[in-house]
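Q: So that you have it, the file is model03.cif, and it contains mmCIF, C-alpha atoms and all ligand atoms:
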```cif
data_run
#
loop_
_atom_site.label_atom_id
_atom_site.label_comp_id
_atom_site.auth_asym_id
_atom_site.auth_seq_id
_atom_site.Cartn_x
_atom_site.Cartn_y
_atom_site.Cartn_z
CA MET H 935 111.71 95.46 89.90
CA SER H 936 112.82 94.52 86.46
CA GLY H 937 113.60 97.56 84.40
CA VAL H 938 115.71 96.25 81.57
CA ASN H 939 113.58 97.85 78.86
CA GLY H 940 112.29 100.71 80.90
CA ALA H 941 113.44 104.17 81.82
CA GLY H 942 113.55 106.48 84.77
CA ARG H 943 113.74 110.24 84.56
CA TYR H 944 114.34 113.52 86.28
CA ALA H 945 112.01 116.33 85.29
CA PRO H 946 113.10 119.71 86.66
CA SER H 947 111.15 122.93 86.16
CA PRO H 948 113.62 125.52 84.85
CA SER H 949 112.72 128.11 87.45
CA GLY H 950 116.31 128.83 88.51
CA ASP H 951 119.38 126.91 89.63
CA LEU H 952 118.80 123.55 91.29
CA HIS H 953 119.33 123.55 95.05
CA VAL H 954 120.72 120.69 97.13
CA GLY H 955 117.21 119.29 97.61
CA ASN H 956 116.69 119.09 93.86
CA LEU H 957 120.16 117.62 93.36
CA ARG H 958 119.47 114.98 95.98
CA THR H 959 116.17 114.00 94.34
CA ALA H 960 117.90 113.86 90.94
CA LEU H 961 120.68 111.69 92.38
CA LEU H 962 118.10 109.32 93.83
CA ALA H 963 116.16 109.14 90.55
CA TRP H 964 119.43 108.31 88.77
CA CYS H 965 120.35 105.64 91.34
CA PHE H 966 116.90 104.05 91.18
CA ALA H 967 117.05 103.90 87.37
CA ARG H 968 120.64 102.77 86.91
CA ALA H 969 120.55 100.27 89.76
CA SER H 970 117.55 98.57 88.14
CA GLY H 971 119.11 98.47 84.66
CA ARG H 972 116.90 101.23 83.30
CA ARG H 973 117.82 104.03 80.96
CA PHE H 974 117.79 107.48 82.51
CA LEU H 975 116.19 110.45 80.72
CA MET H 976 115.82 114.16 81.36
CA ARG H 977 112.76 116.30 80.73
CA ILE H 978 112.74 120.05 81.19
CA GLU H 979 109.26 121.03 82.38
CA ASP H 980 109.16 124.39 80.66
CA LEU H 981 105.45 124.81 79.97
CA ASP H 982 105.58 128.04 81.92
CA ARG H 983 108.04 129.47 79.40
CA ALA H 984 108.55 132.84 81.03
CA ARG H 985 110.56 131.15 83.77
CA ASP H 986 113.47 129.72 81.80
CA ALA H 987 116.10 132.34 80.94
CA GLY H 988 118.94 129.83 80.55
CA ALA H 989 118.16 127.98 83.78
CA ALA H 990 117.67 124.63 82.02
CA THR H 991 121.20 124.63 80.61
CA ARG H 992 122.69 125.45 84.02
CA GLN H 993 120.57 122.78 85.68
CA LEU H 994 121.85 120.11 83.27
CA GLU H 995 125.44 121.28 83.78
CA ASP H 996 125.09 121.02 87.55
CA LEU H 997 123.61 117.53 87.30
CA SER H 998 126.54 116.32 85.24
CA ARG H 999 129.01 118.01 87.56
CA ILE H 1000 127.89 115.73 90.39
CA GLY H 1001 128.16 112.66 88.14
CA ILE H 1002 124.62 112.13 86.88
CA ASP H 1003 124.42 111.08 83.24
CA TRP H 1004 121.50 110.48 80.90
CA ASP H 1005 120.93 108.57 77.71
CA GLU H 1006 119.30 110.94 75.27
CA GLU H 1007 119.16 114.65 74.68
CA ALA H 1008 116.97 116.31 77.31
CA VAL H 1009 113.34 116.57 76.17
CA LEU H 1010 111.67 119.96 76.34
CA GLN H 1011 108.11 119.59 77.58
CA SER H 1012 107.02 122.60 75.53
CA ARG H 1013 107.84 120.61 72.37
CA LEU H 1014 105.27 117.97 73.26
CA GLY H 1015 102.27 120.27 72.82
CA GLU H 1016 100.69 118.14 70.09
CA ALA H 1017 100.66 115.09 72.34
CA HIS H 1018 99.06 117.15 75.14
CA ASP H 1019 96.38 118.46 72.78
CA ALA H 1020 95.73 114.97 71.43
CA ALA H 1021 95.24 113.60 74.95
CA ILE H 1022 92.77 116.35 75.84
CA ASP H 1023 90.92 115.70 72.54
CA GLN H 1024 90.80 112.00 73.32
CA LEU H 1025 89.30 112.67 76.76
CA ASP H 1026 86.90 115.21 75.27
CA ALA H 1027 85.71 112.75 72.63
CA ALA H 1028 84.85 110.38 75.49
CA GLY H 1029 82.79 113.11 77.22
CA LEU H 1030 85.38 113.48 79.98
CA VAL H 1031 86.18 117.19 79.64
CA TYR H 1032 84.18 120.24 80.61
CA GLU H 1033 84.68 123.98 80.65
CA CYS H 1034 85.02 125.70 83.98
CA THR H 1035 84.66 129.43 84.55
CA CYS H 1036 85.23 129.39 88.32
CA THR H 1037 87.88 131.59 89.85
CA ARG H 1038 89.89 130.45 92.85
CA ALA H 1039 87.68 132.66 95.02
CA ASP H 1040 84.52 131.02 93.58
CA ILE H 1041 85.90 127.60 94.48
CA LEU H 1042 86.77 128.62 98.02
CA ALA H 1043 83.34 130.19 98.51
CA ALA H 1044 81.37 127.20 97.20
CA PRO H 1045 80.10 124.63 99.68
CA SER H 1046 82.28 121.55 99.37
CA ALA H 1047 80.99 118.02 99.09
CA PRO H 1048 81.06 115.94 102.28
CA HIS H 1049 84.43 114.16 102.74
CA ALA H 1050 86.01 116.16 99.91
CA PRO H 1051 89.68 117.00 100.47
CA PRO H 1052 90.32 120.69 101.28
CA GLY H 1053 90.44 122.85 98.16
CA ALA H 1054 88.78 120.13 96.05
CA TYR H 1055 86.74 121.39 93.12
CA PRO H 1056 83.06 121.36 94.18
CA GLY H 1057 81.78 120.58 90.68
CA THR H 1058 80.04 123.93 90.06
CA CYS H 1059 80.49 123.81 86.25
CA ARG H 1060 80.29 120.05 85.82
CA ASP H 1061 76.67 119.67 84.80
CA ARG H 1062 75.89 122.90 82.96
CA SER H 1063 73.67 122.80 79.87
CA ASP H 1064 75.13 123.99 76.55
CA ALA H 1065 73.18 127.24 76.85
CA ASP H 1066 74.46 127.83 80.37
CA ARG H 1067 77.98 127.12 79.26
CA ALA H 1068 77.74 129.66 76.42
CA ARG H 1069 76.41 132.25 78.87
CA GLU H 1070 79.25 131.55 81.25
CA ARG H 1071 81.81 131.90 78.45
CA ASP H 1072 80.37 135.33 77.56
CA ARG H 1073 80.27 136.35 81.19
CA ILE H 1074 83.99 135.86 81.76
CA ALA H 1075 85.24 137.13 78.34
CA PRO H 1076 87.98 138.02 77.52
CA ARG H 1077 89.09 135.51 80.15
CA ARG H 1078 88.65 131.98 78.79
CA PRO H 1079 87.31 128.91 80.57
CA ALA H 1080 89.68 126.31 81.95
CA LEU H 1081 89.14 122.66 81.01
CA ARG H 1082 88.54 120.12 83.76
CA LEU H 1083 88.47 116.34 83.79
CA ARG H 1084 85.03 114.89 84.44
CA VAL H 1085 86.09 112.07 86.71
CA PRO H 1086 83.61 109.27 85.96
CA THR H 1087 81.23 108.76 88.87
CA GLY H 1088 81.85 105.48 90.56
CA MET H 1089 85.46 105.30 89.41
CA ALA H 1090 87.38 103.62 92.21
CA ALA H 1091 89.81 105.88 94.08
CA PRO H 1092 93.21 104.94 92.73
CA GLU H 1093 95.69 103.24 94.98
CA PHE H 1094 99.32 102.42 94.40
CA VAL H 1095 102.24 100.97 96.30
CA ASP H 1096 105.10 103.46 96.48
CA ARG H 1097 108.67 102.16 96.88
CA ILE H 1098 109.20 104.52 99.83
CA LEU H 1099 105.78 105.45 101.18
CA GLY H 1100 104.09 102.08 100.86
CA ARG H 1101 100.39 102.02 100.04
CA VAL H 1102 99.07 105.43 98.94
CA SER H 1103 95.48 106.22 98.05
CA GLY H 1104 93.60 109.41 97.50
CA GLU H 1105 90.22 110.82 96.59
CA ILE H 1106 90.39 112.90 93.48
CA ASP H 1107 88.34 115.82 92.26
CA ASP H 1108 87.65 117.16 88.75
CA PHE H 1109 91.10 118.65 88.31
CA VAL H 1110 92.24 121.13 85.64
CA LEU H 1111 93.67 119.81 82.37
CA ARG H 1112 94.17 123.15 80.65
CA ARG H 1113 94.19 126.52 82.33
CA GLY H 1114 92.16 129.48 81.09
CA ASP H 1115 95.33 131.03 79.64
CA GLY H 1116 95.72 127.96 77.42
CA THR H 1117 98.63 126.40 79.34
CA VAL H 1118 98.40 122.66 79.79
CA ALA H 1119 98.31 121.66 83.46
CA TYR H 1120 101.21 119.75 85.04
CA ASN H 1121 98.95 116.81 85.91
CA LEU H 1122 98.05 116.21 82.26
CA ALA H 1123 101.47 116.96 80.79
CA VAL H 1124 103.38 114.73 83.20
CA VAL H 1125 101.23 111.69 82.39
CA VAL H 1126 101.36 112.19 78.63
CA ASP H 1127 105.09 112.91 78.59
CA ASP H 1128 106.13 110.04 80.83
CA ALA H 1129 104.17 107.62 78.64
CA ALA H 1130 105.57 109.16 75.43
CA MET H 1131 109.12 108.81 76.76
CA GLY H 1132 108.62 105.18 77.81
CA ILE H 1133 109.10 106.01 81.51
CA ASP H 1134 108.18 103.13 83.80
CA GLN H 1135 109.81 104.42 86.99
CA ILE H 1136 108.96 107.80 88.47
CA VAL H 1137 111.10 109.13 91.30
CA ARG H 1138 110.32 112.60 92.65
CA GLY H 1139 109.86 114.61 95.83
CA ASP H 1140 107.21 113.34 98.22
CA ASP H 1141 105.39 116.69 98.04
CA LEU H 1142 104.06 115.36 94.72
CA ALA H 1143 102.71 112.09 96.16
CA PRO H 1144 99.18 113.54 96.63
CA SER H 1145 99.07 114.29 92.87
CA THR H 1146 99.85 110.73 91.85
CA PRO H 1147 96.29 109.36 92.24
CA ARG H 1148 95.26 111.98 89.66
CA HIS H 1149 97.96 110.77 87.34
CA ILE H 1150 96.79 107.20 87.72
CA VAL H 1151 93.22 108.18 86.84
CA LEU H 1152 94.49 109.87 83.68
CA GLN H 1153 96.67 106.87 82.82
CA ARG H 1154 93.63 104.64 83.07
CA LEU H 1155 91.33 106.93 81.08
CA LEU H 1156 93.96 107.40 78.36
CA GLU H 1157 94.82 103.69 78.41
CA LEU H 1158 98.47 104.36 79.22
CA PRO H 1159 100.69 102.16 81.40
CA SER H 1160 99.95 102.59 85.10
CA PRO H 1161 101.01 100.86 88.35
CA PRO H 1162 102.20 98.17 88.81
CA ALA H 1163 103.64 98.51 85.27
CA VAL H 1164 104.85 101.96 86.31
CA GLU H 1165 106.79 102.14 89.56
CA TYR H 1166 106.66 105.19 91.83
CA ALA H 1167 109.11 106.30 94.53
CA HIS H 1168 108.36 109.57 96.32
CA VAL H 1169 111.49 110.56 98.19
CA PRO H 1170 111.76 112.68 101.35
CA LEU H 1171 112.42 116.36 100.81
CA VAL H 1172 115.20 118.48 102.20
CA LEU H 1173 114.03 120.95 104.81
CA GLY H 1174 115.50 124.39 105.46
CA ALA H 1175 116.28 125.95 108.83
CA SER H 1176 112.63 126.97 109.36
CA GLY H 1177 111.51 123.37 108.99
CA ALA H 1178 109.81 124.16 105.67
CA ARG H 1179 110.86 122.72 102.32
CA LEU H 1180 114.32 124.04 101.37
CA ALA H 1181 114.19 127.21 99.27
CA LYS H 1182 116.61 129.71 97.80
CA ARG H 1183 116.08 131.99 100.78
CA ASP H 1184 117.82 129.41 102.99
CA GLY H 1185 121.20 130.82 101.97
CA ALA H 1186 123.86 129.10 99.89
CA VAL H 1187 121.93 126.16 98.52
CA THR H 1188 122.85 125.85 94.84
CA LEU H 1189 125.98 124.19 93.51
CA ALA H 1190 127.30 127.55 92.25
CA GLU H 1191 126.73 129.14 95.67
CA LEU H 1192 128.37 126.27 97.49
CA ARG H 1193 131.31 126.45 95.11
CA ALA H 1194 131.60 130.16 95.79
CA ASP H 1195 131.80 129.20 99.49
CA GLY H 1196 134.74 126.89 98.77
CA ALA H 1197 133.04 123.52 98.28
CA SER H 1198 133.91 121.28 95.35
CA ASP H 1199 131.44 119.29 93.25
CA ALA H 1200 132.89 116.13 94.81
CA GLY H 1201 132.39 117.63 98.27
CA VAL H 1202 128.72 118.30 97.54
CA LEU H 1203 128.25 114.80 96.16
CA ALA H 1204 129.88 113.37 99.30
CA MET H 1205 127.52 115.41 101.47
CA LEU H 1206 124.47 114.20 99.53
CA ALA H 1207 125.76 110.64 99.78
CA ARG H 1208 126.15 110.95 103.56
CA SER H 1209 122.61 112.30 103.84
CA LEU H 1210 121.46 109.12 102.10
CA ASP H 1211 123.58 106.82 104.29
CA LEU H 1212 125.62 105.94 101.21
CA ALA H 1213 128.93 107.30 102.46
CA SER H 1214 130.64 107.75 105.78
CA SER H 1215 131.91 111.00 107.18
CA GLY H 1216 135.01 112.30 105.41
CA GLU H 1217 134.77 109.67 102.70
CA GLN H 1218 135.27 110.68 99.09
CA VAL H 1219 132.82 109.03 96.70
CA ASN H 1220 131.79 109.10 93.08
CA ALA H 1221 128.39 108.47 91.54
CA GLN H 1222 129.41 104.99 90.35
CA LEU H 1223 130.29 103.94 93.88
CA LEU H 1224 126.93 105.18 95.14
CA LEU H 1225 125.25 103.03 92.55
CA GLU H 1226 127.05 99.95 93.84
CA ARG H 1227 125.91 100.75 97.39
CA PHE H 1228 122.38 101.82 96.51
CA ASP H 1229 119.61 99.84 98.20
CA PRO H 1230 116.11 101.35 97.91
CA ASP H 1231 114.96 99.50 101.01
CA ALA H 1232 117.72 101.00 103.16
CA LEU H 1233 117.13 104.65 102.26
CA PRO H 1234 116.43 107.09 105.10
CA ARG H 1235 112.67 107.62 105.28
CA SER H 1236 112.64 111.02 106.97
CA PRO H 1237 113.41 114.47 105.55
CA TRP H 1238 116.98 115.71 105.65
CA ALA H 1239 117.56 118.97 107.52
CA TRP H 1240 119.76 121.50 105.76
CA PRO H 1241 122.41 122.84 106.32
CA GLY H 1242 124.42 119.72 105.86
CA VAL H 1243 128.14 119.83 106.39
CA VAL H 1244 130.14 119.97 103.20
CA ASN H 1245 133.20 117.86 103.71
CA SER H 1246 136.15 120.25 103.68
CA ALA H 1247 138.59 117.39 103.11
CA THR H 1248 137.12 116.92 99.65
CA SER H 1249 136.44 120.55 98.87
N1 LIG L 1 108.77 119.53 87.46
C1 LIG L 1 108.45 119.08 88.77
C2 LIG L 1 109.33 119.79 89.78
O1 LIG L 1 110.38 120.31 89.41
C3 LIG L 1 108.66 117.60 88.96
C4 LIG L 1 107.62 116.82 88.30
C5 LIG L 1 107.76 115.32 88.38
O2 LIG L 1 108.86 114.82 88.67
O3 LIG L 1 106.76 114.67 88.10
O4 LIG L 1 108.96 119.85 90.93
#
```
Written as structure tokens, that's how I'd like the structure from this file.
Ligand code: GLU
A:
Amino acid sequence: MSGVNGAGRYAPSPSGDLHVGNLRTALLAWCFARASGRRFLMRIEDLDRARDAGAATRQLEDLSRIGIDWDEEAVLQSRLGEAHDAAIDQLDAAGLVYECTCTRADILAAPSAPHAPPGAYPGTCRDRSDADRARERDRIAPRRPALRLRVPTGMAAPEFVDRILGRVSGEIDDFVLRRGDGTVAYNLAVVVDDAAMGIDQIVRGDDLAPSTPRHIVLQRLLELPSPPAVEYAHVPLVLGASGARLAKRDGAVTLAELRADGASDAGVLAMLARSLDLASSGEQVNAQLLLERFDPDALPRSPWAWPGVVNSATS
């Protein structure tokens, strides 16, 4: 992987403080980028503005506390609205956008196409006439229709080779580009923003791997860089005591909470490093040392079970 002119990124949603799972993914994204000579950028995914309340600033502080650095001021996704609108207009001009008035319940109740993945959009609104569409718009007022991508029939299911997961492929449905409340959907924003920021390496939690085929379809339709020019690595998540993805309810999981319990930032970094086989037990490390040891091919492939043990010697 040659990344000399490229960039990696971490793109947190400012929904609260980052927990150790988020910190671990961020650390990996940073290692992947820096170890391949790429720049590293931050994007705050704040399209759902109600959620912020200062969380973004605290998230960035926590990331730098464990030694992650980045090359430009963090980008706020909400500032990229014009680029999102332009992308939707471009797709619309090519006949690739349609209005959808279905509710979640409508979608669940509709018969699904054979072989469609569970929850896939059944295409109810895809082929409506203009008159039908106008009637539908009136029917749901004051609610407004969502906008969906009309995935061209016969478009090959996208496939990519992930640095961790290997070959990934997926059927895709006509997914939402803009919700009825006007908010741009993650799947559209992420593709437009990564291209606008010159990102050619995307490292994120493996819960997002099933979304990536959608992103690749959009990259192709919008004529943006896509794999193999863009590299993907979906990294294993951290699981809480119940075996489900780690969440705030799993106890002390944020840096501030761990500090309150007596851990130091260096102690948390050492624990994350051990979970990635980048440090031995009791060893004190810094981010630079992790970078020297980092080998994408040697990363643990299975989820990490929290609670880890914060090294008291370094706390
Ligand atoms: N904002 C997403 C999250 O916090 C990550 C999106 C991405 O990395 O593509 O889960």
Q: Using only C-alpha atoms and all ligand atoms, which residues of chain H come within 7 Å of ligand LIG 1 (chain L), and what is the closest atom pair for each, with the distance in Å to one decimal? Give it as JSON lines, sorted by chain and residue number.
A:
```
{"residue": "H:Tyr944", "atom": "CA", "partner": "L:LIG1", "partner_atom": "O2", "distance": 6.1}
{"residue": "H:Ala945", "atom": "CA", "partner": "L:LIG1", "partner_atom": "O2", "distance": 4.9}
{"residue": "H:Pro946", "atom": "CA", "partner": "L:LIG1", "partner_atom": "O1", "distance": 3.9}
{"residue": "H:Ser947", "atom": "CA", "partner": "L:LIG1", "partner_atom": "O1", "distance": 4.2}
{"residue": "H:Glu979", "atom": "CA", "partner": "L:LIG1", "partner_atom": "N1", "distance": 5.3}
{"residue": "H:Val1124", "atom": "CA", "partner": "L:LIG1", "partner_atom": "O3", "distance": 6.0}
{"residue": "H:Val1137", "atom": "CA", "partner": "L:LIG1", "partner_atom": "O2", "distance": 6.7}
{"residue": "H:Arg1138", "atom": "CA", "partner": "L:LIG1", "partner_atom": "O2", "distance": 4.8}
```
Q: Which residue is closest to Ala1175 (chain H)? Choose from H:Ala1239, H:Ala1027, H:Ala1129, H:Ala1232 and count only C-alpha atoms.
A: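 That would be H:Ala1239, the residue with the smallest distance to Ala1175 (chain H).
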Q: Pick the closest to Ala1028 (chain H) from H:Val1125, H:Leu1099, H:Leu1155, H:Ala1197: which is it, counting all atoms listed in the file?
A: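 That would be H:Leu1155, the residue with the smallest distance to Ala1028 (chain H).
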Q: Just checking: using all atoms listed in the file, which residue out of H:Val1102, H:Cys965, H:Ala1065, H:Cys1034 ends up closest to Arg1227 (chain H)?
A: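 For Arg1227 (chain H), the nearest of the given residues is H:Cys965.
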Q: Considering all atoms listed in the file, state which residue in the set H:Leu1156, H:Ala1090, H:Leu952, H:Ile1000 is at the smallest distance from Ala1200 (chain H).
A: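 Looking only at the distances to Ala1200 (chain H), the closest residue turns out to be H:Ile1000.
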Q: Between CA of Leu1180 (chain H) and CA of Leu957 (chain H), what is the distance, to one decimal in Å?
A: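 Between these atoms lies a distance of 11.8 Å.
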Q: Just to confirm, what's the straight-line distance from CA of Gly1088 (chain H) to CA of Arg1060 (chain H) in Å (one decimal)?
A: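 We find that CA of Gly1088 (chain H) and CA of Arg1060 (chain H) lie 15.4 Å from each other.
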Q: Could you work out how far CA of Gly940 (chain H) lies from CA of Leu1206 (chain H), giving the answer in Å with one decimal?
A: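 Those two atoms sit 26.0 Å apart.
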Q: Looking at H:Val1172, H:Val1009, H:Gly955, H:Ser998, which one is nearest to Arg1235 (chain H), with distances taken over only C-alpha atoms?
A: H:Val1172
Q: Pick out the residues sitting within 10 Å of Pro1170 (chain H), and hand them over as a PyMOL selection string; count only C-alpha atoms, and ignore anything fewer than 6 positions along from it in its own chain.
A: chain H and resi 955+958-959+1098-1099+1138-1141+1233-1238
Q: For each of H:Ala1221, H:Leu962, H:Leu1081, H:Ala1119, take the minimum atom-to-atom distance to Asp1023 (chain H), counting only C-alpha atoms, then give the residue where this is smallest.
A: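 Checking each candidate against Asp1023 (chain H), we get H:Leu1081 as the closest.
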Q: Excluding Ala1143 (chain H) and its own-chain neighbours fewer than 3 positions away, which residues fall within 12 Å of it when counting all atoms listed in the file? Please give them as a list in words.
A: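 Those residues are Glu1093, Phe1094, Val1095, Asp1096, Arg1097, Ile1098, Leu1099, Gly1100, Arg1101, Val1102, Ser1103, Gly1104, Asn1121, Ile1136, Val1137, Arg1138, Gly1139, Asp1140, Thr1146, Pro1147, Arg1148, His1149, Ile1150, Tyr1166, Ala1167, His1168, Val1169, Pro1170 and Leu1171 of chain H.
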Q: Missing atoms in region 1097-1107 of chain H: fill them in up to all heavy atoms and send the result as a compact mmCIF listing (two decimals), in the coordinates of the input.
A:
```txt
# COMPACT_ATOMS: atom_id res chain seq x y z
N ARG H 1097 107.46 102.83 96.39
CA ARG H 1097 108.67 102.16 96.88
C ARG H 1097 109.13 102.69 98.24
O ARG H 1097 109.82 102.01 98.98
CB ARG H 1097 109.84 102.34 95.89
CG ARG H 1097 109.80 101.52 94.63
CD ARG H 1097 109.72 100.04 94.89
NE ARG H 1097 110.77 99.48 95.75
CZ ARG H 1097 111.86 98.91 95.35
NH1 ARG H 1097 112.12 98.81 94.06
NH2 ARG H 1097 112.73 98.40 96.20
N ILE H 1098 108.78 103.94 98.56
CA ILE H 1098 109.20 104.52 99.83
C ILE H 1098 108.03 104.64 100.80
O ILE H 1098 108.14 104.33 101.98
CB ILE H 1098 109.79 105.94 99.61
CG1 ILE H 1098 110.85 105.94 98.52
CG2 ILE H 1098 110.28 106.56 100.93
CD1 ILE H 1098 112.23 105.62 98.98
N LEU H 1099 106.90 105.12 100.29
CA LEU H 1099 105.78 105.45 101.18
C LEU H 1099 104.85 104.27 101.46
O LEU H 1099 103.98 104.37 102.31
CB LEU H 1099 104.95 106.59 100.57
CG LEU H 1099 105.70 107.90 100.25
CD1 LEU H 1099 104.78 108.88 99.53
CD2 LEU H 1099 106.24 108.51 101.53
N GLY H 1100 105.02 103.20 100.70
CA GLY H 1100 104.09 102.08 100.86
C GLY H 1100 102.78 102.37 100.15
O GLY H 1100 102.77 103.07 99.13
N ARG H 1101 101.68 101.87 100.72
CA ARG H 1101 100.39 102.02 100.04
C ARG H 1101 99.89 103.47 100.12
O ARG H 1101 99.83 104.04 101.20
CB ARG H 1101 99.38 101.08 100.70
CG ARG H 1101 98.09 100.92 99.96
CD ARG H 1101 97.27 99.75 100.52
NE ARG H 1101 97.95 98.47 100.30
CZ ARG H 1101 97.91 97.81 99.14
NH1 ARG H 1101 97.22 98.26 98.13
NH2 ARG H 1101 98.56 96.66 99.02
N VAL H 1102 99.57 104.05 98.98
CA VAL H 1102 99.07 105.43 98.94
C VAL H 1102 97.73 105.42 98.21
O VAL H 1102 97.59 104.77 97.18
CB VAL H 1102 100.04 106.37 98.16
CG1 VAL H 1102 99.48 107.79 98.05
CG2 VAL H 1102 101.42 106.40 98.81
N SER H 1103 96.74 106.10 98.78
CA SER H 1103 95.48 106.22 98.05
C SER H 1103 94.99 107.64 98.20
O SER H 1103 95.47 108.39 99.05
CB SER H 1103 94.44 105.24 98.61
OG SER H 1103 94.21 105.56 99.95
N GLY H 1104 94.08 108.04 97.38
CA GLY H 1104 93.60 109.41 97.50
C GLY H 1104 92.32 109.62 96.72
O GLY H 1104 92.13 109.04 95.65
N GLU H 1105 91.43 110.41 97.30
CA GLU H 1105 90.22 110.82 96.59
C GLU H 1105 90.65 111.85 95.56
O GLU H 1105 91.54 112.65 95.82
CB GLU H 1105 89.26 111.49 97.57
CG GLU H 1105 88.66 110.55 98.59
CD GLU H 1105 87.78 109.49 97.95
OE1 GLU H 1105 87.10 109.83 96.94
OE2 GLU H 1105 87.79 108.35 98.43
N ILE H 1106 90.03 111.85 94.42
CA ILE H 1106 90.39 112.90 93.48
C ILE H 1106 89.17 113.69 93.04
O ILE H 1106 88.05 113.17 93.00
CB ILE H 1106 91.16 112.37 92.26
CG1 ILE H 1106 90.33 111.34 91.54
CG2 ILE H 1106 92.49 111.80 92.64
CD1 ILE H 1106 90.80 111.23 90.15
N ASP H 1107 89.43 114.95 92.71
CA ASP H 1107 88.34 115.82 92.26
C ASP H 1107 88.48 116.02 90.75
O ASP H 1107 89.35 115.44 90.10
CB ASP H 1107 88.40 117.16 93.02
CG ASP H 1107 89.69 117.91 92.75
OD1 ASP H 1107 90.63 117.32 92.16
OD2 ASP H 1107 89.77 119.10 93.11
```
